[in-house]
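Heads up, start33.cif below (mmCIF, N, CA and C atoms and all ligand atoms; chains and numbers go by the auth columns):
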```
data_entry
#
loop_
_atom_site.group_PDB
_atom_site.id
_atom_site.type_symbol
_atom_site.label_atom_id
_atom_site.label_comp_id
_atom_site.label_asym_id
_atom_site.label_seq_id
_atom_site.Cartn_x
_atom_site.Cartn_y
_atom_site.Cartn_z
_atom_site.B_iso_or_equiv
_atom_site.auth_seq_id
_atom_site.auth_asym_id
ATOM 1 N N MET A 1 108.144 120.835 92.389 0.00 9 A
ATOM 2 C CA MET A 1 108.379 120.240 93.703 0.00 9 A
ATOM 3 C C MET A 1 108.273 118.715 93.617 0.00 9 A
ATOM 4 N N GLU A 2 109.225 118.041 94.232 0.00 10 A
ATOM 5 C CA GLU A 2 109.270 116.596 94.189 0.00 10 A
ATOM 6 C C GLU A 2 109.144 116.038 95.601 0.00 10 A
ATOM 7 N N GLU A 3 108.302 115.053 95.755 0.00 11 A
ATOM 8 C CA GLU A 3 108.082 114.482 97.079 0.00 11 A
ATOM 9 C C GLU A 3 108.208 112.963 97.004 0.00 11 A
ATOM 10 N N LEU A 4 109.051 112.404 97.837 0.00 12 A
ATOM 11 C CA LEU A 4 109.220 110.947 97.847 0.00 12 A
ATOM 12 C C LEU A 4 107.987 110.295 98.470 0.00 12 A
ATOM 13 N N VAL A 5 107.348 109.431 97.698 0.00 13 A
ATOM 14 C CA VAL A 5 106.123 108.767 98.166 0.00 13 A
ATOM 15 C C VAL A 5 106.455 107.427 98.815 0.00 13 A
ATOM 16 N N GLY A 6 107.384 106.705 98.209 0.00 14 A
ATOM 17 C CA GLY A 6 107.747 105.396 98.737 0.00 14 A
ATOM 18 C C GLY A 6 108.590 104.638 97.734 0.00 14 A
ATOM 19 N N HIS A 7 108.666 103.337 97.888 0.00 15 A
ATOM 20 C CA HIS A 7 109.480 102.509 97.007 0.00 15 A
ATOM 21 C C HIS A 7 108.625 101.462 96.315 0.00 15 A
ATOM 22 N N CYS A 8 109.007 101.125 95.097 0.00 16 A
ATOM 23 C CA CYS A 8 108.306 100.097 94.338 0.00 16 A
ATOM 24 C C CYS A 8 108.385 98.761 95.079 0.00 16 A
ATOM 25 N N THR A 9 107.274 98.075 95.163 0.00 17 A
ATOM 26 C CA THR A 9 107.203 96.806 95.890 0.00 17 A
ATOM 27 C C THR A 9 108.073 95.742 95.239 0.00 17 A
ATOM 28 N N ILE A 10 108.225 95.797 93.916 0.00 18 A
ATOM 29 C CA ILE A 10 108.940 94.752 93.184 0.00 18 A
ATOM 30 C C ILE A 10 110.436 95.060 93.066 0.00 18 A
ATOM 31 N N CYS A 11 110.787 96.224 92.541 0.00 19 A
ATOM 32 C CA CYS A 11 112.195 96.514 92.253 0.00 19 A
ATOM 33 C C CYS A 11 112.840 97.460 93.260 0.00 19 A
ATOM 34 N N GLY A 12 112.033 98.090 94.109 0.00 20 A
ATOM 35 C CA GLY A 12 112.585 98.950 95.146 0.00 20 A
ATOM 36 C C GLY A 12 112.926 100.353 94.678 0.00 20 A
ATOM 37 N N LYS A 13 112.585 100.696 93.433 0.00 21 A
ATOM 38 C CA LYS A 13 112.842 102.021 92.889 0.00 21 A
ATOM 39 C C LYS A 13 112.066 103.085 93.660 0.00 21 A
ATOM 40 N N GLU A 14 112.702 104.243 93.847 0.00 22 A
ATOM 41 C CA GLU A 14 112.021 105.329 94.547 0.00 22 A
ATOM 42 C C GLU A 14 110.937 105.924 93.657 0.00 22 A
ATOM 43 N N ILE A 15 109.768 106.151 94.241 0.00 23 A
ATOM 44 C CA ILE A 15 108.647 106.711 93.500 0.00 23 A
ATOM 45 C C ILE A 15 108.336 108.091 94.060 0.00 23 A
ATOM 46 N N TYR A 16 108.280 109.071 93.168 0.00 24 A
ATOM 47 C CA TYR A 16 108.062 110.455 93.565 0.00 24 A
ATOM 48 C C TYR A 16 106.720 110.979 93.087 0.00 24 A
ATOM 49 N N CYS A 17 106.252 111.992 93.804 0.00 25 A
ATOM 50 C CA CYS A 17 105.095 112.734 93.366 0.00 25 A
ATOM 51 C C CYS A 17 105.603 114.115 92.924 0.00 25 A
ATOM 52 N N GLU A 18 105.457 114.408 91.622 0.00 26 A
ATOM 53 C CA GLU A 18 105.952 115.670 91.080 0.00 26 A
ATOM 54 C C GLU A 18 104.807 116.597 90.754 0.00 26 A
ATOM 55 N N ASN A 19 104.742 117.690 91.454 0.00 27 A
ATOM 56 C CA ASN A 19 103.692 118.685 91.198 0.00 27 A
ATOM 57 C C ASN A 19 102.299 118.047 91.137 0.00 27 A
ATOM 58 N N GLY A 20 102.056 117.119 92.020 0.00 28 A
ATOM 59 C CA GLY A 20 100.749 116.463 92.074 0.00 28 A
ATOM 60 C C GLY A 20 100.608 115.296 91.123 0.00 28 A
ATOM 61 N N PHE A 21 101.660 115.058 90.289 0.00 29 A
ATOM 62 C CA PHE A 21 101.607 113.930 89.366 0.00 29 A
ATOM 63 C C PHE A 21 102.340 112.747 89.985 0.00 29 A
ATOM 64 N N PHE A 22 101.634 111.670 90.234 0.00 30 A
ATOM 65 C CA PHE A 22 102.189 110.499 90.887 0.00 30 A
ATOM 66 C C PHE A 22 102.914 109.631 89.870 0.00 30 A
ATOM 67 N N ASP A 23 104.226 109.462 90.068 0.00 31 A
ATOM 68 C CA ASP A 23 105.073 108.762 89.097 0.00 31 A
ATOM 69 C C ASP A 23 105.074 107.251 89.337 0.00 31 A
ATOM 70 N N GLY A 24 103.886 106.636 89.297 0.00 32 A
ATOM 71 C CA GLY A 24 103.798 105.205 89.517 0.00 32 A
ATOM 72 C C GLY A 24 102.352 104.790 89.655 0.00 32 A
ATOM 73 N N GLU A 25 102.145 103.610 90.245 0.00 33 A
ATOM 74 C CA GLU A 25 100.784 103.109 90.423 0.00 33 A
ATOM 75 C C GLU A 25 100.626 102.591 91.843 0.00 33 A
ATOM 76 N N GLN A 26 99.428 102.693 92.314 0.00 34 A
ATOM 77 C CA GLN A 26 99.143 102.151 93.633 0.00 34 A
ATOM 78 C C GLN A 26 98.031 101.113 93.498 0.00 34 A
ATOM 79 N N LYS A 27 98.305 99.898 93.962 0.00 35 A
ATOM 80 C CA LYS A 27 97.327 98.803 93.859 0.00 35 A
ATOM 81 C C LYS A 27 97.260 98.089 95.186 0.00 35 A
ATOM 82 N N ASP A 28 96.091 97.936 95.722 0.00 36 A
ATOM 83 C CA ASP A 28 95.895 97.223 96.988 0.00 36 A
ATOM 84 C C ASP A 28 96.836 97.720 98.080 0.00 36 A
ATOM 85 N N GLY A 29 97.062 99.024 98.089 0.00 37 A
ATOM 86 C CA GLY A 29 97.899 99.620 99.123 0.00 37 A
ATOM 87 C C GLY A 29 99.397 99.469 98.899 0.00 37 A
ATOM 88 N N GLU A 30 99.803 98.852 97.770 0.00 38 A
ATOM 89 C CA GLU A 30 101.218 98.691 97.469 0.00 38 A
ATOM 90 C C GLU A 30 101.599 99.635 96.339 0.00 38 A
ATOM 91 N N LEU A 31 102.866 100.071 96.336 0.00 39 A
ATOM 92 C CA LEU A 31 103.351 100.976 95.307 0.00 39 A
ATOM 93 C C LEU A 31 104.123 100.205 94.242 0.00 39 A
ATOM 94 N N TYR A 32 103.941 100.614 93.001 0.00 40 A
ATOM 95 C CA TYR A 32 104.686 100.019 91.883 0.00 40 A
ATOM 96 C C TYR A 32 105.140 101.128 90.950 0.00 40 A
ATOM 97 N N CYS A 33 106.355 100.990 90.388 0.00 41 A
ATOM 98 C CA CYS A 33 106.796 101.932 89.375 0.00 41 A
ATOM 99 C C CYS A 33 106.148 101.549 88.041 0.00 41 A
ATOM 100 N N HIS A 34 106.285 102.405 87.041 0.00 42 A
ATOM 101 C CA HIS A 34 105.621 102.146 85.751 0.00 42 A
ATOM 102 C C HIS A 34 106.155 100.871 85.094 0.00 42 A
ATOM 103 N N GLU A 35 107.451 100.603 85.237 0.00 43 A
ATOM 104 C CA GLU A 35 108.038 99.422 84.617 0.00 43 A
ATOM 105 C C GLU A 35 107.412 98.144 85.183 0.00 43 A
ATOM 106 N N CYS A 36 107.292 98.073 86.478 0.00 44 A
ATOM 107 C CA CYS A 36 106.800 96.845 87.118 0.00 44 A
ATOM 108 C C CYS A 36 105.289 96.703 86.930 0.00 44 A
ATOM 109 N N VAL A 37 104.581 97.775 86.878 0.00 45 A
ATOM 110 C CA VAL A 37 103.150 97.701 86.683 0.00 45 A
ATOM 111 C C VAL A 37 102.853 97.188 85.272 0.00 45 A
ATOM 112 N N GLY A 38 103.698 97.510 84.323 0.00 46 A
ATOM 113 C CA GLY A 38 103.526 97.044 82.952 0.00 46 A
ATOM 114 C C GLY A 38 103.825 95.568 82.801 0.00 46 A
ATOM 115 N N MET A 39 104.704 95.033 83.647 0.00 47 A
ATOM 116 C CA MET A 39 105.072 93.624 83.571 0.00 47 A
ATOM 117 C C MET A 39 103.987 92.702 84.100 0.00 47 A
ATOM 118 N N GLU A 40 103.088 93.251 84.902 0.00 48 A
ATOM 119 C CA GLU A 40 102.133 92.408 85.621 0.00 48 A
ATOM 120 C C GLU A 40 101.041 91.833 84.739 0.00 48 A
ATOM 121 N N GLU A 41 100.746 92.469 83.623 0.00 49 A
ATOM 122 C CA GLU A 41 99.610 92.049 82.812 0.00 49 A
ATOM 123 C C GLU A 41 99.962 90.959 81.805 0.00 49 A
HETATM 124 ZN ZN ZN B . 109.522 98.708 89.980 0.00 1 B
#
```
In structure tokens, what does this structure look like?
Amino acid sequence: MEELVGHCTICGKEIYCENGFFDGEQKDGELYCHECVGMEE
């Protein structure tokens, strides 16, 4: 089961929750995809 959680704050990519696995990161109430979260450091 796939559930749309929201959009990445930086690139706008759709972020889904698959079977309870969150396909991204949440920081300070904002959503980020894995690509953008990796760029931040
Ligand atoms: Zn992104």
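Of the listed residues (A:Phe29, A:Gly46, A:Glu11, A:Tyr40), A:Tyr40 comes nearest to ligand ZN 1 (chain B); the distances count all atoms listed in the file.
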### Task
Please report, as an NGL selection string, each residue of chain A to which DSSP assigns alpha helix (DSSP H) when run on this structure's backbone.
:A and (42-47)
Neighbouring residues of ligand ZN 1 (chain B) are defined here as those with any atom at most 8 Å from a ligand atom, counting only N, CA and C atoms and all ligand atoms; list them as a compact mmCIF listing (two decimals) with N, CA and C atoms, keeping the file's coordinate frame.
```txt
# COMPACT_ATOMS: atom_id res chain seq x y z
N HIS A 15 108.67 103.34 97.89
CA HIS A 15 109.48 102.51 97.01
C HIS A 15 108.62 101.46 96.32
N CYS A 16 109.01 101.12 95.10
CA CYS A 16 108.31 100.10 94.34
C CYS A 16 108.38 98.76 95.08
N THR A 17 107.27 98.08 95.16
CA THR A 17 107.20 96.81 95.89
C THR A 17 108.07 95.74 95.24
N ILE A 18 108.22 95.80 93.92
CA ILE A 18 108.94 94.75 93.18
C ILE A 18 110.44 95.06 93.07
N CYS A 19 110.79 96.22 92.54
CA CYS A 19 112.20 96.51 92.25
C CYS A 19 112.84 97.46 93.26
N GLY A 20 112.03 98.09 94.11
CA GLY A 20 112.58 98.95 95.15
C GLY A 20 112.93 100.35 94.68
N LYS A 21 112.58 100.70 93.43
CA LYS A 21 112.84 102.02 92.89
C LYS A 21 112.07 103.08 93.66
N GLU A 22 112.70 104.24 93.85
CA GLU A 22 112.02 105.33 94.55
C GLU A 22 110.94 105.92 93.66
N LEU A 39 102.87 100.07 96.34
CA LEU A 39 103.35 100.98 95.31
C LEU A 39 104.12 100.20 94.24
N TYR A 40 103.94 100.61 93.00
CA TYR A 40 104.69 100.02 91.88
C TYR A 40 105.14 101.13 90.95
N CYS A 41 106.36 100.99 90.39
CA CYS A 41 106.80 101.93 89.38
C CYS A 41 106.15 101.55 88.04
N HIS A 42 106.28 102.40 87.04
CA HIS A 42 105.62 102.15 85.75
C HIS A 42 106.16 100.87 85.09
N GLU A 43 107.45 100.60 85.24
CA GLU A 43 108.04 99.42 84.62
C GLU A 43 107.41 98.14 85.18
N CYS A 44 107.29 98.07 86.48
CA CYS A 44 106.80 96.84 87.12
C CYS A 44 105.29 96.70 86.93
N VAL A 45 104.58 97.78 86.88
CA VAL A 45 103.15 97.70 86.68
C VAL A 45 102.85 97.19 85.27
```
### Query
If you measure from atom CA of Ile23 of chain A to atom CA of Asp36 of chain A, what distance in Å do you get, rounded to one decimal?
16.3 Å
Selection under test: the PyMOL selection byres (((chain A and resi 10) around 7) and not hetatm); residues as an mmCIF file with N, CA and C atoms, keeping the file's coordinate frame:
```cif
data_model
loop_
_atom_site.group_PDB
_atom_site.id
_atom_site.type_symbol
_atom_site.label_atom_id
_atom_site.label_comp_id
_atom_site.auth_asym_id
_atom_site.auth_seq_id
_atom_site.Cartn_x
_atom_site.Cartn_y
_atom_site.Cartn_z
ATOM 1 N N MET A 9 108.144 120.835 92.389
ATOM 2 C CA MET A 9 108.379 120.240 93.703
ATOM 3 C C MET A 9 108.273 118.715 93.617
ATOM 4 N N GLU A 11 108.302 115.053 95.755
ATOM 5 C CA GLU A 11 108.082 114.482 97.079
ATOM 6 C C GLU A 11 108.208 112.963 97.004
ATOM 7 N N LEU A 12 109.051 112.404 97.837
ATOM 8 C CA LEU A 12 109.220 110.947 97.847
ATOM 9 C C LEU A 12 107.987 110.295 98.470
ATOM 10 N N TYR A 24 108.280 109.071 93.168
ATOM 11 C CA TYR A 24 108.062 110.455 93.565
ATOM 12 C C TYR A 24 106.720 110.979 93.087
ATOM 13 N N CYS A 25 106.252 111.992 93.804
ATOM 14 C CA CYS A 25 105.095 112.734 93.366
ATOM 15 C C CYS A 25 105.603 114.115 92.924
ATOM 16 N N GLU A 26 105.457 114.408 91.622
ATOM 17 C CA GLU A 26 105.952 115.670 91.080
ATOM 18 C C GLU A 26 104.807 116.597 90.754
ATOM 19 N N ASN A 27 104.742 117.690 91.454
ATOM 20 C CA ASN A 27 103.692 118.685 91.198
ATOM 21 C C ASN A 27 102.299 118.047 91.137
#
```
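We find atom C of Glu38 of chain A and atom CA of Val13 of chain A to be spaced 10.4 Å apart.
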Kindly compute an axis-aligned box around the listed atoms of segment 9-21 of chain A, allowing 6 Å on each side, and express its centre and edge lengths in Å to one decimal as lines of an AutoDock Vina configuration file.
```
center_x = 109.5
center_y = 107.8
center_z = 95.5
size_x = 18.8
size_y = 38.1
size_z = 18.6
```
### Query
Suppose you want the space between atom C of Asp31 of chain A and atom C of Gly14 of chain A; what is it in Å?
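It comes out at 9.5 Å.
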